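Here's the structure we're looking at; comments come further down.
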Amino acid sequence: MAELYVKPGNKERGWNDPPQFSYGLQTQAGGPKRSPLTKRVAAPQDGSPRVPPSETLPGTPPMGLPPPSSKASRPPAMGGCPASTVEPTDFPVVECETLLEDVLRPLEQALDDCHGHTKKQVCDDISRRLALLQEQWVGGKLSTPVKKRMALLVQELSNHRWDEADDIHRSLMVDHVTEVSQWMVGVKRLIAEKRSLSSEEQANEEKSIATAEENQTTPGVQQDP
């Protein structure tokens, strides 16, 4: 095969001159052919366009990938936060404990107001019932709903709202009769006596005002002789 690539010798050249190769025969003999640069490349199977690296602009995301979502980088609106970012708190809710002193002191004060207006036997019975209330409260025999309702009852009693206080008394007798039956009778009687005392004091006050106005009137016209 070497004879095909070497031209016949030139008689004018020296014996040690290199032979002249025939490049035309090399192309005819065939060899690994390179594809021309102008040949188009087939499109990829996934359908996404192929862009040469030289045509990619700086800062542009690569083709074929979805653009970044604008919602992910958008800050939350002022004055609120997304519902998904709010984490529920597991802290227990601390409720205000009803104190025995806050309930017993107004009841004892109401009983003191009734002395001199109410019979001694009635006052002694109310005092004994209040002692039972204190004993059961300190002994932990009263539930939280009973304590809260008693605090409301005392508040209504101090504000002279007799009907509201009596309604709370009846609700306690219906819903928690086993807890309050021993001493609630005394509280009911105290509400009634306090109402009666308040009515009597109001009547006396109105009578005093009327008497004062009558004394301030001008004297009558003198009769003719």
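Please note that chains go A, B, ... in the order of the structure tokens, that every chain numbers its residues from 1, and that ligands are numbered from 1 in the order shown.
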request  = May I have the residues within 10 Å of segment 177-192 of chain A as a VMD selection string, using only C-alpha atoms and disregarding those fewer than 3 positions away in the same chain?
outcome  = chain A and resid 107 to 108 110 to 111 114 118 122 to 134 136 141 to 143 146 150 153 to 154 157 160 to 163 165 to 166 169 to 174 195 to 198
Take the residues from that selection and put them in a file with C-alpha atoms, as a PDB file, in the first residue's frame.
```
ATOM      1  CA  LEU A 107     -70.734  37.873 103.076  1.00  0.00           C
ATOM      2  CA  GLU A 108     -69.578  38.565 106.622  1.00  0.00           C
ATOM      3  CA  ALA A 110     -73.441  41.860 104.818  1.00  0.00           C
ATOM      4  CA  LEU A 111     -74.192  39.825 107.941  1.00  0.00           C
ATOM      5  CA  CYS A 114     -78.065  42.912 109.276  1.00  0.00           C
ATOM      6  CA  THR A 118     -82.561  40.781 111.858  1.00  0.00           C
ATOM      7  CA  VAL A 122     -81.412  34.130 112.182  1.00  0.00           C
ATOM      8  CA  CYS A 123     -78.026  35.838 112.315  1.00  0.00           C
ATOM      9  CA  ASP A 124     -76.514  32.946 114.280  1.00  0.00           C
ATOM     10  CA  ASP A 125     -77.811  30.430 111.732  1.00  0.00           C
ATOM     11  CA  ILE A 126     -76.350  32.421 108.828  1.00  0.00           C
ATOM     12  CA  SER A 127     -73.035  32.664 110.674  1.00  0.00           C
ATOM     13  CA  ARG A 128     -72.965  28.892 111.175  1.00  0.00           C
ATOM     14  CA  ARG A 129     -73.677  28.304 107.469  1.00  0.00           C
ATOM     15  CA  LEU A 130     -70.866  30.622 106.457  1.00  0.00           C
ATOM     16  CA  ALA A 131     -68.524  28.668 108.739  1.00  0.00           C
ATOM     17  CA  LEU A 132     -69.466  25.482 106.845  1.00  0.00           C
ATOM     18  CA  LEU A 133     -68.742  27.271 103.557  1.00  0.00           C
ATOM     19  CA  GLN A 134     -65.293  28.223 104.810  1.00  0.00           C
ATOM     20  CA  GLN A 136     -65.501  23.025 102.788  1.00  0.00           C
ATOM     21  CA  LYS A 141     -64.476  19.979  98.736  1.00  0.00           C
ATOM     22  CA  LEU A 142     -65.760  22.716  96.410  1.00  0.00           C
ATOM     23  CA  SER A 143     -65.204  22.592  92.666  1.00  0.00           C
ATOM     24  CA  VAL A 146     -68.908  26.600  92.460  1.00  0.00           C
ATOM     25  CA  MET A 150     -69.977  32.293  94.415  1.00  0.00           C
ATOM     26  CA  LEU A 153     -72.978  36.058  93.593  1.00  0.00           C
ATOM     27  CA  VAL A 154     -70.981  38.134  96.056  1.00  0.00           C
ATOM     28  CA  LEU A 157     -74.825  41.206  96.330  1.00  0.00           C
ATOM     29  CA  HIS A 160     -77.402  45.551  95.473  1.00  0.00           C
ATOM     30  CA  ARG A 161     -78.524  43.508  92.469  1.00  0.00           C
ATOM     31  CA  TRP A 162     -80.732  41.194  94.474  1.00  0.00           C
ATOM     32  CA  ASP A 163     -82.480  39.406  91.618  1.00  0.00           C
ATOM     33  CA  ALA A 165     -77.708  37.244  93.140  1.00  0.00           C
ATOM     34  CA  ASP A 166     -80.800  35.127  93.765  1.00  0.00           C
ATOM     35  CA  HIS A 169     -78.087  30.990  94.137  1.00  0.00           C
ATOM     36  CA  ARG A 170     -80.767  28.961  92.348  1.00  0.00           C
ATOM     37  CA  SER A 171     -78.384  27.828  89.613  1.00  0.00           C
ATOM     38  CA  LEU A 172     -75.964  26.544  92.243  1.00  0.00           C
ATOM     39  CA  MET A 173     -78.745  24.629  93.991  1.00  0.00           C
ATOM     40  CA  VAL A 174     -79.751  23.001  90.696  1.00  0.00           C
ATOM     41  CA  ARG A 195     -82.621  43.114 100.426  1.00  0.00           C
ATOM     42  CA  SER A 196     -85.111  43.835 103.196  1.00  0.00           C
ATOM     43  CA  LEU A 197     -82.615  46.041 105.005  1.00  0.00           C
ATOM     44  CA  SER A 198     -81.812  47.951 101.853  1.00  0.00           C
TER      45      SER A 198
END
```
Margin query: Run DSSP on the backbone and tell me which residues of segment 80-195 of chain A come out as helix (DSSP H, G or I); list them as an MDAnalysis selection string.
Written below: chainID A and resid 83:85 100:114 120:138 144:158 162:175 177:180 184:195
Residue subset to file, keeping C-alpha atoms, as a PDB file, in the first residue's frame:
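Output file part08.pdb is given in full below:
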```pdb
ATOM      1  CA  ALA A  83     -51.344  31.240  58.255  1.00  0.00           C
ATOM      2  CA  SER A  84     -48.965  28.394  57.429  1.00  0.00           C
ATOM      3  CA  THR A  85     -46.145  29.993  59.427  1.00  0.00           C
ATOM      4  CA  LEU A 100     -61.856  32.416  99.778  1.00  0.00           C
ATOM      5  CA  GLU A 101     -61.237  35.834 101.313  1.00  0.00           C
ATOM      6  CA  ASP A 102     -62.772  37.587  98.300  1.00  0.00           C
ATOM      7  CA  VAL A 103     -65.990  35.617  98.795  1.00  0.00           C
ATOM      8  CA  LEU A 104     -66.227  35.291 102.571  1.00  0.00           C
ATOM      9  CA  ARG A 105     -65.415  38.889 103.530  1.00  0.00           C
ATOM     10  CA  PRO A 106     -68.364  40.509 101.639  1.00  0.00           C
ATOM     11  CA  LEU A 107     -70.734  37.873 103.076  1.00  0.00           C
ATOM     12  CA  GLU A 108     -69.578  38.565 106.622  1.00  0.00           C
ATOM     13  CA  GLN A 109     -69.867  42.306 106.021  1.00  0.00           C
ATOM     14  CA  ALA A 110     -73.441  41.860 104.818  1.00  0.00           C
ATOM     15  CA  LEU A 111     -74.192  39.825 107.941  1.00  0.00           C
ATOM     16  CA  ASP A 112     -72.802  42.585 110.152  1.00  0.00           C
ATOM     17  CA  ASP A 113     -75.068  45.085 108.409  1.00  0.00           C
ATOM     18  CA  CYS A 114     -78.065  42.912 109.276  1.00  0.00           C
ATOM     19  CA  LYS A 120     -80.325  37.080 116.608  1.00  0.00           C
ATOM     20  CA  GLN A 121     -81.383  33.485 115.942  1.00  0.00           C
ATOM     21  CA  VAL A 122     -81.412  34.130 112.182  1.00  0.00           C
ATOM     22  CA  CYS A 123     -78.026  35.838 112.315  1.00  0.00           C
ATOM     23  CA  ASP A 124     -76.514  32.946 114.280  1.00  0.00           C
ATOM     24  CA  ASP A 125     -77.811  30.430 111.732  1.00  0.00           C
ATOM     25  CA  ILE A 126     -76.350  32.421 108.828  1.00  0.00           C
ATOM     26  CA  SER A 127     -73.035  32.664 110.674  1.00  0.00           C
ATOM     27  CA  ARG A 128     -72.965  28.892 111.175  1.00  0.00           C
ATOM     28  CA  ARG A 129     -73.677  28.304 107.469  1.00  0.00           C
ATOM     29  CA  LEU A 130     -70.866  30.622 106.457  1.00  0.00           C
ATOM     30  CA  ALA A 131     -68.524  28.668 108.739  1.00  0.00           C
ATOM     31  CA  LEU A 132     -69.466  25.482 106.845  1.00  0.00           C
ATOM     32  CA  LEU A 133     -68.742  27.271 103.557  1.00  0.00           C
ATOM     33  CA  GLN A 134     -65.293  28.223 104.810  1.00  0.00           C
ATOM     34  CA  GLU A 135     -64.587  24.716 106.074  1.00  0.00           C
ATOM     35  CA  GLN A 136     -65.501  23.025 102.788  1.00  0.00           C
ATOM     36  CA  TRP A 137     -63.618  25.616 100.749  1.00  0.00           C
ATOM     37  CA  VAL A 138     -60.416  25.154 102.756  1.00  0.00           C
ATOM     38  CA  THR A 144     -63.962  25.462  90.549  1.00  0.00           C
ATOM     39  CA  PRO A 145     -67.397  26.220  88.991  1.00  0.00           C
ATOM     40  CA  VAL A 146     -68.908  26.600  92.460  1.00  0.00           C
ATOM     41  CA  LYS A 147     -66.148  28.992  93.526  1.00  0.00           C
ATOM     42  CA  LYS A 148     -66.539  31.103  90.413  1.00  0.00           C
ATOM     43  CA  ARG A 149     -70.315  31.347  90.773  1.00  0.00           C
ATOM     44  CA  MET A 150     -69.977  32.293  94.415  1.00  0.00           C
ATOM     45  CA  ALA A 151     -67.611  35.100  93.402  1.00  0.00           C
ATOM     46  CA  LEU A 152     -70.250  36.354  90.949  1.00  0.00           C
ATOM     47  CA  LEU A 153     -72.978  36.058  93.593  1.00  0.00           C
ATOM     48  CA  VAL A 154     -70.981  38.134  96.056  1.00  0.00           C
ATOM     49  CA  GLN A 155     -70.333  40.747  93.387  1.00  0.00           C
ATOM     50  CA  GLU A 156     -74.030  41.083  92.623  1.00  0.00           C
ATOM     51  CA  LEU A 157     -74.825  41.206  96.330  1.00  0.00           C
ATOM     52  CA  SER A 158     -72.353  44.035  96.891  1.00  0.00           C
ATOM     53  CA  TRP A 162     -80.732  41.194  94.474  1.00  0.00           C
ATOM     54  CA  ASP A 163     -82.480  39.406  91.618  1.00  0.00           C
ATOM     55  CA  GLU A 164     -79.204  38.525  89.877  1.00  0.00           C
ATOM     56  CA  ALA A 165     -77.708  37.244  93.140  1.00  0.00           C
ATOM     57  CA  ASP A 166     -80.800  35.127  93.765  1.00  0.00           C
ATOM     58  CA  ASP A 167     -80.597  33.683  90.239  1.00  0.00           C
ATOM     59  CA  ILE A 168     -77.010  32.560  90.840  1.00  0.00           C
ATOM     60  CA  HIS A 169     -78.087  30.990  94.137  1.00  0.00           C
ATOM     61  CA  ARG A 170     -80.767  28.961  92.348  1.00  0.00           C
ATOM     62  CA  SER A 171     -78.384  27.828  89.613  1.00  0.00           C
ATOM     63  CA  LEU A 172     -75.964  26.544  92.243  1.00  0.00           C
ATOM     64  CA  MET A 173     -78.745  24.629  93.991  1.00  0.00           C
ATOM     65  CA  VAL A 174     -79.751  23.001  90.696  1.00  0.00           C
ATOM     66  CA  ASP A 175     -76.319  22.221  89.226  1.00  0.00           C
ATOM     67  CA  VAL A 177     -76.689  20.671  95.074  1.00  0.00           C
ATOM     68  CA  THR A 178     -74.441  18.037  96.675  1.00  0.00           C
ATOM     69  CA  GLU A 179     -71.681  20.614  97.219  1.00  0.00           C
ATOM     70  CA  VAL A 180     -73.688  23.609  98.390  1.00  0.00           C
ATOM     71  CA  MET A 184     -76.400  27.705 100.614  1.00  0.00           C
ATOM     72  CA  VAL A 185     -79.512  28.054 102.770  1.00  0.00           C
ATOM     73  CA  GLY A 186     -77.666  30.599 104.898  1.00  0.00           C
ATOM     74  CA  VAL A 187     -76.536  32.520 101.781  1.00  0.00           C
ATOM     75  CA  LYS A 188     -80.110  32.610 100.498  1.00  0.00           C
ATOM     76  CA  ARG A 189     -81.369  33.969 103.818  1.00  0.00           C
ATOM     77  CA  LEU A 190     -78.581  36.543 103.858  1.00  0.00           C
ATOM     78  CA  ILE A 191     -79.627  37.800 100.421  1.00  0.00           C
ATOM     79  CA  ALA A 192     -83.222  38.143 101.582  1.00  0.00           C
ATOM     80  CA  GLU A 193     -82.285  39.957 104.794  1.00  0.00           C
ATOM     81  CA  LYS A 194     -79.933  42.282 102.979  1.00  0.00           C
ATOM     82  CA  ARG A 195     -82.621  43.114 100.426  1.00  0.00           C
TER      83      ARG A 195
END
```
